[in-house]
Structures are given as C-alpha cells and as structure tokens.
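S.K.: Quick one: structure below, then a few questions.
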Amino acid sequence: MSTGAGASDLLHAEDSGLDQMVRGEQAVAARSPLQLFWRRFRRDKVAMTALVFIVVLIVAAIFAGPITKLVGAPPPNEQQTSALDDFGLPSGPDSEHWFGADPIGRDVFSRVLYGAQVSLTVAFVGTGLSVLFGVILGTMAAFYRRWVDTIIARTLDVMLAFPVLLLGLGLATACSGENGCMGGLIQPGLSVVIFIIVLANTPYVARIIRGQVLSLREKEFVEASRSLGASNARIMFRDILPNLVAPIIVYATLFIPANILLEAALSFLGVGVQPPRASWGEMLSDAISIFNVAWWFMLFPGMALLLTVLAFNLVGDGLQDALNPKGTKSR
C-alpha cells in the first residue's frame, strides 16, 4: 500500500511539474515580439539611463522657451552688457547666468538649450530622410537585380566618393545667396546640413538594406506570395519590408550620433547653422579664441555634445542587443 501511495504521489508530482512547464511555455509564447524586445531592453540599465537622458533632452529642446523663462534666464540672442566686466570679458557661471556668458554678453545656458533644437532636428530629420531613401533604393536594387541593381549601385558608389566636409564647404559657398540653390530648395544653414547628411548616409543605408533584401527575397514566404499572384510592390513593402524593421531601427540609432557630430563639425567650420541661431558647433568655434579666460564657454556646449552623442550610442547598442537575442547572451 505504501509503495502504491508513493508511486501515486510521484506521478502526481510529475504531472504538476509538467503542468507548470506547459503553463510557463504558454506564458512565454503569449508574449508578443514587442513585449519580448522591451523585456530584454529594460534589463540593460545603461541603455535605459541613456534613453531617459534622451527623453529629457527632447523635452527640454521642445520647451526651451518656457524653460528659460521659468528659470529666469535671458533669451539666447539677448546681449547684456551687465554680463561683461570692465575689460569686456564675459562673466562666469553665477546665479543669474548658470553657464556663464559668451563674449558679447549672451547667456550660455539659453544658447545650449536652444542648440539642442538644432542638433535634434538635424539628427532626426536627416536620419529619417537617409533611411527613407536608403530603404527604397536598397530594396529596389536587391529585388529587381540586373540593370536596376547596376544603375543604383553605381550611383551609390558615386555618392560615396564625395568628400563630405569639402562638399559642405562648397555648397555653403554656392548657396550663400538669398535664393539659395536648386530653386530655393537648399538654403544656407540648416537645409544645407540636412542635404549633406542625406547625401552622405543614404549610400550606407542602401547597401545595408540591399544585403538584407538579397537574403529575404529567396525565402519561402516570398515564393508563396509570388505564387498567389502578389505584385512586386506588395511583396517588397508588405512581405519583405516588415522583416527589415529591426535592422532599420538599429542602424538609424547608430547614424543619429554621427549626424549630430557632422552638424557640429560643419557649424564649427562656419558652414552649418548661421548666426545668431544657437548651435553647439558654432559655440565651440567661438570659444577657441577665449578659452584661456572663459573656459565655461567651451565646457558646457562640449559636455552637451558629448553626453548627447554618448547617450544615442548607448541606446543604439542596447537596441541591437535587445533585437538580437544572441547579443544579449554574449553580455
């Protein structure tokens, strides 16, 4: 009897264990891909901290005007002679000017805050257009192959041959007139920077997408759609494109910090955002001549640029690990 009871208890325990395993598998299977991605991403504390910083920066850039009024800071282009000493040198950080003043008496805190608007606009608009054009060109080149692939590939090679900084200098000079270039489409300042970013990044995005599509176009689901009579456009944008969302997101987040640095470099050279509009690169350029007496004028724009680029890089790495399960295991 005791033996039979023990066997019965053992069988009951095995059944309960199997039930728990089944329920666990069902719970895992019930999670959507988005939930699984978020579960992996939020485990990366460094990436989450960087994401919080980016969100705060975006909010600060959007509400730069109300924030400056709330803290009592002057507008970014207001020149205050009270911020200069008897020798015409700017004052350092104090209760009135948190980040000090620049050589003509403008508040550095306000200009850093408004400079975030320029950097984020260039980053998101330039990256978005680069990804859009790159996805279209890369998908078409890989899907149609033959002469379409040849023409697009050679065009991308020509685009890659352009020296970006020299191109920026040339465009800024050529488009410096009131009417700009291309019938007013490209104007001096922000539009020139965005145009250069799109021209520089589109070939890289297109090459990445082309490689992905070359692999996907041979999959069974594409052959099944083609056998059902689906058009080429439907196969490209309804079947293949959804499978490219993960790499597109990852590479876009990696292009954003590079574009922020490119905008800062162009503004530093004087061919980016035009004064009096605030730009971190332009502020760093102006700070070179007075760094020995006004260190704050270079420190705070430089720190803003450094932390922003670092945050986007960390978020990009976190997204790559979260979207690639093998990457999370390696950590």
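Every chain in the structure tokens takes a letter, A first, then B, and so on in the order presented; its residues are numbered from 1, and the ligands are numbered from 1 following the presented order.
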Any idea what's packed within 7 Å of range 40-48 of chain A, counting only C-alpha atoms, ignoring anything in its chain fewer than 2 positions away? Could you give it as a ChimeraX atom specification?

M.R.: /A:36-38,50-52,314-315,318-319,322

S.K.: Give me a file of those residues, with all heavy atoms, as a CSV table (one decimal), in the first residue's frame.

M.R.:
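The resulting file, out20.csv, is reproduced below:
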chain,number,residue,atom,x,y,z
A,36,LEU,N,8.7,41.0,-25.8
A,36,LEU,CA,10.0,40.3,-25.6
A,36,LEU,C,11.1,41.3,-25.8
A,36,LEU,O,12.1,41.3,-25.1
A,36,LEU,CB,10.1,39.1,-26.6
A,36,LEU,CG,9.2,38.0,-26.3
A,36,LEU,CD1,9.3,36.9,-27.5
A,36,LEU,CD2,9.4,37.3,-25.0
A,37,PHE,N,11.0,42.2,-26.8
A,37,PHE,CA,12.0,43.2,-27.0
A,37,PHE,C,12.2,44.1,-25.8
A,37,PHE,O,13.3,44.4,-25.4
A,37,PHE,CB,11.7,44.0,-28.3
A,37,PHE,CG,12.3,45.4,-28.3
A,37,PHE,CD1,13.7,45.6,-28.5
A,37,PHE,CD2,11.5,46.5,-28.1
A,37,PHE,CE1,14.2,46.8,-28.5
A,37,PHE,CE2,12.1,47.8,-28.1
A,37,PHE,CZ,13.4,47.9,-28.3
A,38,TRP,N,11.0,44.6,-25.3
A,38,TRP,CA,11.1,45.6,-24.2
A,38,TRP,C,11.6,44.9,-23.0
A,38,TRP,O,12.3,45.5,-22.2
A,38,TRP,CB,9.7,46.1,-24.0
A,38,TRP,CG,9.6,47.0,-22.8
A,38,TRP,CD1,8.9,46.8,-21.6
A,38,TRP,CD2,10.2,48.3,-22.6
A,38,TRP,NE1,9.1,47.9,-20.8
A,38,TRP,CE2,9.9,48.8,-21.4
A,38,TRP,CE3,11.1,49.1,-23.5
A,38,TRP,CZ2,10.4,50.0,-20.9
A,38,TRP,CZ3,11.5,50.3,-23.0
A,38,TRP,CH2,11.2,50.7,-21.7
A,50,ALA,N,20.5,56.0,-20.6
A,50,ALA,CA,20.7,56.9,-21.7
A,50,ALA,C,19.4,57.3,-22.4
A,50,ALA,O,19.3,58.4,-22.9
A,50,ALA,CB,21.6,56.1,-22.7
A,51,LEU,N,18.4,56.4,-22.4
A,51,LEU,CA,17.1,56.7,-23.0
A,51,LEU,C,16.4,57.7,-22.2
A,51,LEU,O,15.8,58.6,-22.8
A,51,LEU,CB,16.3,55.4,-23.1
A,51,LEU,CG,14.9,55.5,-23.7
A,51,LEU,CD1,15.0,56.0,-25.1
A,51,LEU,CD2,14.1,54.2,-23.6
A,52,VAL,N,16.5,57.7,-20.9
A,52,VAL,CA,15.9,58.7,-20.0
A,52,VAL,C,16.5,60.1,-20.3
A,52,VAL,O,15.9,61.1,-20.4
A,52,VAL,CB,16.0,58.3,-18.6
A,52,VAL,CG1,15.6,59.5,-17.7
A,52,VAL,CG2,15.2,57.1,-18.2
A,314,LEU,N,24.8,54.6,-26.7
A,314,LEU,CA,24.4,53.6,-25.7
A,314,LEU,C,23.0,53.0,-26.0
A,314,LEU,O,22.8,51.8,-25.9
A,314,LEU,CB,24.5,54.2,-24.3
A,314,LEU,CG,25.9,54.5,-23.8
A,314,LEU,CD1,25.8,55.2,-22.5
A,314,LEU,CD2,26.8,53.3,-23.7
A,315,VAL,N,22.1,53.8,-26.4
A,315,VAL,CA,20.8,53.4,-26.8
A,315,VAL,C,20.8,52.5,-28.0
A,315,VAL,O,20.2,51.4,-28.1
A,315,VAL,CB,19.8,54.5,-27.0
A,315,VAL,CG1,18.5,54.1,-27.6
A,315,VAL,CG2,19.5,55.2,-25.7
A,318,GLY,N,22.1,49.2,-26.9
A,318,GLY,CA,21.0,48.4,-26.2
A,318,GLY,C,20.0,47.9,-27.1
A,318,GLY,O,19.5,46.8,-27.0
A,319,LEU,N,19.6,48.7,-28.1
A,319,LEU,CA,18.6,48.2,-29.1
A,319,LEU,C,19.1,47.0,-29.9
A,319,LEU,O,18.4,46.1,-30.2
A,319,LEU,CB,18.2,49.3,-30.1
A,319,LEU,CG,17.3,50.5,-29.5
A,319,LEU,CD1,17.2,51.6,-30.5
A,319,LEU,CD2,16.0,49.9,-29.1
A,322,ALA,N,18.9,44.0,-27.7
A,322,ALA,CA,17.6,43.6,-27.4
A,322,ALA,C,16.9,43.0,-28.6
A,322,ALA,O,16.1,42.1,-28.5
A,322,ALA,CB,16.7,44.8,-26.9

S.K.: Can you pull out the residues contacting range 205-219 of chain A? Cut-off 12 Å, using only C-alpha atoms, and skip same-chain residues under 5 positions away; I want them as number ranges by chain.

M.R.: A: 127-145, 149, 152-157, 159-160, 197-200, 224-226, 232, 235-237, 239-252, 254-255

S.K.: Would you mind exporting the chosen residues as an mmCIF file, in the first residue's frame, restricted to C-alpha atoms?

M.R.:
data_model
loop_
_atom_site.group_PDB
_atom_site.id
_atom_site.type_symbol
_atom_site.label_atom_id
_atom_site.label_comp_id
_atom_site.auth_asym_id
_atom_site.auth_seq_id
_atom_site.Cartn_x
_atom_site.Cartn_y
_atom_site.Cartn_z
ATOM 1 C CA THR A 127 18.499 60.366 -40.395
ATOM 2 C CA GLY A 128 14.842 59.876 -41.278
ATOM 3 C CA LEU A 129 15.323 61.043 -44.861
ATOM 4 C CA SER A 130 18.511 58.988 -45.212
ATOM 5 C CA VAL A 131 16.744 55.855 -44.008
ATOM 6 C CA LEU A 132 13.729 56.503 -46.253
ATOM 7 C CA PHE A 133 15.774 56.947 -49.432
ATOM 8 C CA GLY A 134 18.202 54.195 -48.477
ATOM 9 C CA VAL A 135 15.438 51.651 -47.849
ATOM 10 C CA ILE A 136 13.742 52.447 -51.150
ATOM 11 C CA LEU A 137 16.945 52.292 -53.208
ATOM 12 C CA GLY A 138 18.334 49.221 -51.443
ATOM 13 C CA THR A 139 15.084 47.298 -51.705
ATOM 14 C CA MET A 140 14.634 48.065 -55.384
ATOM 15 C CA ALA A 141 18.250 47.212 -56.223
ATOM 16 C CA ALA A 142 18.134 43.832 -54.477
ATOM 17 C CA PHE A 143 14.647 42.854 -55.580
ATOM 18 C CA TYR A 144 14.848 43.682 -59.286
ATOM 19 C CA ARG A 145 18.587 42.965 -59.722
ATOM 20 C CA ASP A 149 20.821 46.946 -59.413
ATOM 21 C CA ILE A 152 21.592 52.084 -58.340
ATOM 22 C CA ALA A 153 24.868 50.505 -57.193
ATOM 23 C CA ARG A 154 26.980 52.714 -59.442
ATOM 24 C CA THR A 155 25.036 55.807 -58.330
ATOM 25 C CA LEU A 156 25.684 54.912 -54.705
ATOM 26 C CA ASP A 157 29.381 54.478 -55.471
ATOM 27 C CA MET A 159 27.727 59.355 -53.828
ATOM 28 C CA LEU A 160 30.238 57.619 -51.568
ATOM 29 C CA ILE A 197 23.714 64.339 -44.213
ATOM 30 C CA VAL A 198 21.216 62.711 -46.568
ATOM 31 C CA LEU A 199 23.771 62.594 -49.371
ATOM 32 C CA ALA A 200 26.411 61.083 -47.082
ATOM 33 C CA ALA A 224 4.440 31.765 -51.652
ATOM 34 C CA SER A 225 3.314 35.374 -52.183
ATOM 35 C CA ARG A 226 4.563 35.318 -55.754
ATOM 36 C CA ASN A 232 6.245 43.149 -56.838
ATOM 37 C CA ILE A 235 5.981 41.683 -51.948
ATOM 38 C CA MET A 236 8.564 44.394 -51.314
ATOM 39 C CA PHE A 237 6.574 46.593 -48.965
ATOM 40 C CA ASP A 239 6.248 40.978 -47.079
ATOM 41 C CA ILE A 240 9.932 41.946 -47.117
ATOM 42 C CA LEU A 241 9.920 45.407 -45.514
ATOM 43 C CA PRO A 242 8.344 44.322 -42.158
ATOM 44 C CA ASN A 243 11.261 41.911 -41.714
ATOM 45 C CA LEU A 244 13.687 44.843 -42.030
ATOM 46 C CA VAL A 245 12.241 46.887 -39.157
ATOM 47 C CA ALA A 246 14.748 45.612 -36.583
ATOM 48 C CA PRO A 247 17.937 46.370 -38.578
ATOM 49 C CA ILE A 248 16.496 49.693 -39.726
ATOM 50 C CA ILE A 249 15.891 50.782 -36.119
ATOM 51 C CA VAL A 250 19.349 49.685 -35.013
ATOM 52 C CA TYR A 251 21.227 51.376 -37.835
ATOM 53 C CA ALA A 252 19.131 54.539 -37.557
ATOM 54 C CA LEU A 254 23.710 54.459 -34.810
ATOM 55 C CA PHE A 255 23.516 57.093 -37.568
#

S.K.: Hey, which of A:Thr173, A:Ser119, A:Thr81, A:Thr308 ends up closest to Glu282 in chain A? Count only C-alpha atoms.

M.R.: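 Counting only C-alpha atoms, the residue closest to Glu282 in chain A is A:Ser119.
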
S.K.: In Å, rounded to a single decimal, give me how far CA of Ser285 in chain A is from CA of Leu266 in chain A.

M.R.: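 Between CA of Leu266 in chain A and CA of Ser285 in chain A the gap is 10.3 Å.
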
S.K.: Pick out the closest residue to Gly65 in chain A from this set: A:Pro90, A:Pro276, A:Gly115, A:Gly100. Count only C-alpha atoms.

M.R.: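 Selected residue with least distance to Gly65 in chain A: A:Gly115.
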
S.K.: State, in Å with one decimal place, the distance from CA of Gly270 in chain A to CA of Ala161 in chain A.

M.R.: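 Going from CA of Gly270 in chain A over to CA of Ala161 in chain A covers 23.0 Å.
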
S.K.: With DSSP run on the backbone, what are the strand (DSSP E or B) residues within range 68-162 of chain A? I'd like them as a PDB file with all heavy atoms, in the first residue's frame.

M.R.:
ATOM      1  N   LEU A  84      29.308  91.496 -18.849  1.00  0.00           N
ATOM      2  CA  LEU A  84      30.712  91.734 -19.188  1.00  0.00           C
ATOM      3  C   LEU A  84      31.343  92.602 -18.107  1.00  0.00           C
ATOM      4  O   LEU A  84      30.683  93.488 -17.532  1.00  0.00           O
ATOM      5  CB  LEU A  84      30.821  92.424 -20.551  1.00  0.00           C
ATOM      6  CG  LEU A  84      30.127  91.724 -21.733  1.00  0.00           C
ATOM      7  CD1 LEU A  84      30.244  92.579 -22.986  1.00  0.00           C
ATOM      8  CD2 LEU A  84      30.714  90.343 -21.974  1.00  0.00           C
ATOM      9  N   PRO A  90      33.617  88.190 -20.586  1.00  0.00           N
ATOM     10  CA  PRO A  90      32.341  87.649 -20.098  1.00  0.00           C
ATOM     11  C   PRO A  90      32.462  87.136 -18.673  1.00  0.00           C
ATOM     12  O   PRO A  90      33.531  86.699 -18.227  1.00  0.00           O
ATOM     13  CB  PRO A  90      32.047  86.506 -21.083  1.00  0.00           C
ATOM     14  CG  PRO A  90      33.384  86.086 -21.596  1.00  0.00           C
ATOM     15  CD  PRO A  90      34.217  87.337 -21.641  1.00  0.00           C
ATOM     16  N   ALA A 101      28.391  83.589 -19.443  1.00  0.00           N
ATOM     17  CA  ALA A 101      28.018  84.371 -20.620  1.00  0.00           C
ATOM     18  C   ALA A 101      29.085  84.220 -21.695  1.00  0.00           C
ATOM     19  O   ALA A 101      30.212  83.794 -21.423  1.00  0.00           O
ATOM     20  CB  ALA A 101      27.849  85.843 -20.250  1.00  0.00           C
ATOM     21  N   ASP A 107      23.558  84.682 -22.804  1.00  0.00           N
ATOM     22  CA  ASP A 107      23.519  83.638 -21.785  1.00  0.00           C
ATOM     23  C   ASP A 107      23.849  82.283 -22.413  1.00  0.00           C
ATOM     24  O   ASP A 107      23.181  81.846 -23.364  1.00  0.00           O
ATOM     25  CB  ASP A 107      22.133  83.591 -21.136  1.00  0.00           C
ATOM     26  CG  ASP A 107      22.074  82.610 -19.985  1.00  0.00           C
ATOM     27  OD1 ASP A 107      22.662  82.891 -18.934  1.00  0.00           O
ATOM     28  OD2 ASP A 107      21.445  81.539 -20.155  1.00  0.00           O
TER      29      ASP A 107
END

S.K.: Of the candidates A:Ile256, A:Val148, A:Leu190, A:Ala61, which shows the shortest atom-to-atom distance to Gly316 in chain A, using only C-alpha atoms?

M.R.: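 Residue with the minimum atom-to-atom distance to Gly316 in chain A: A:Ile256.
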
S.K.: Between CA of Phe297 in chain A and CA of Leu171 in chain A, what is the distance in Å, rounded to a tenth?

M.R.: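 About the pair CA of Phe297 in chain A and CA of Leu171 in chain A: they are 28.8 Å apart.
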
S.K.: Let me make sure I understand: among A:Phe99, A:Trp147, A:Phe312, A:Trp296, which one has the smallest atom-to-atom distance to Phe124 in chain A if we use only C-alpha atoms?

M.R.: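 When distances to Phe124 in chain A are compared using only C-alpha atoms, the smallest one comes from A:Phe312.
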
S.K.: DSSP says helix (DSSP H, G or I) for which residues of range 62-235 of chain A? Put them as a PyMOL selection string?

M.R.: chain A and resi 62+64-70+81-83+108-144+146-160+164-174+190-216+220-227+232-235

S.K.: For Gly189 in chain A, list every protein, DNA or RNA residue within 7 Å, evaluated using only C-alpha atoms, and leave out those in the same chain fewer than 4 positions away; present the list as JSON, numbers by chain.

M.R.: {"A": [193, 271, 272, 273, 274]}
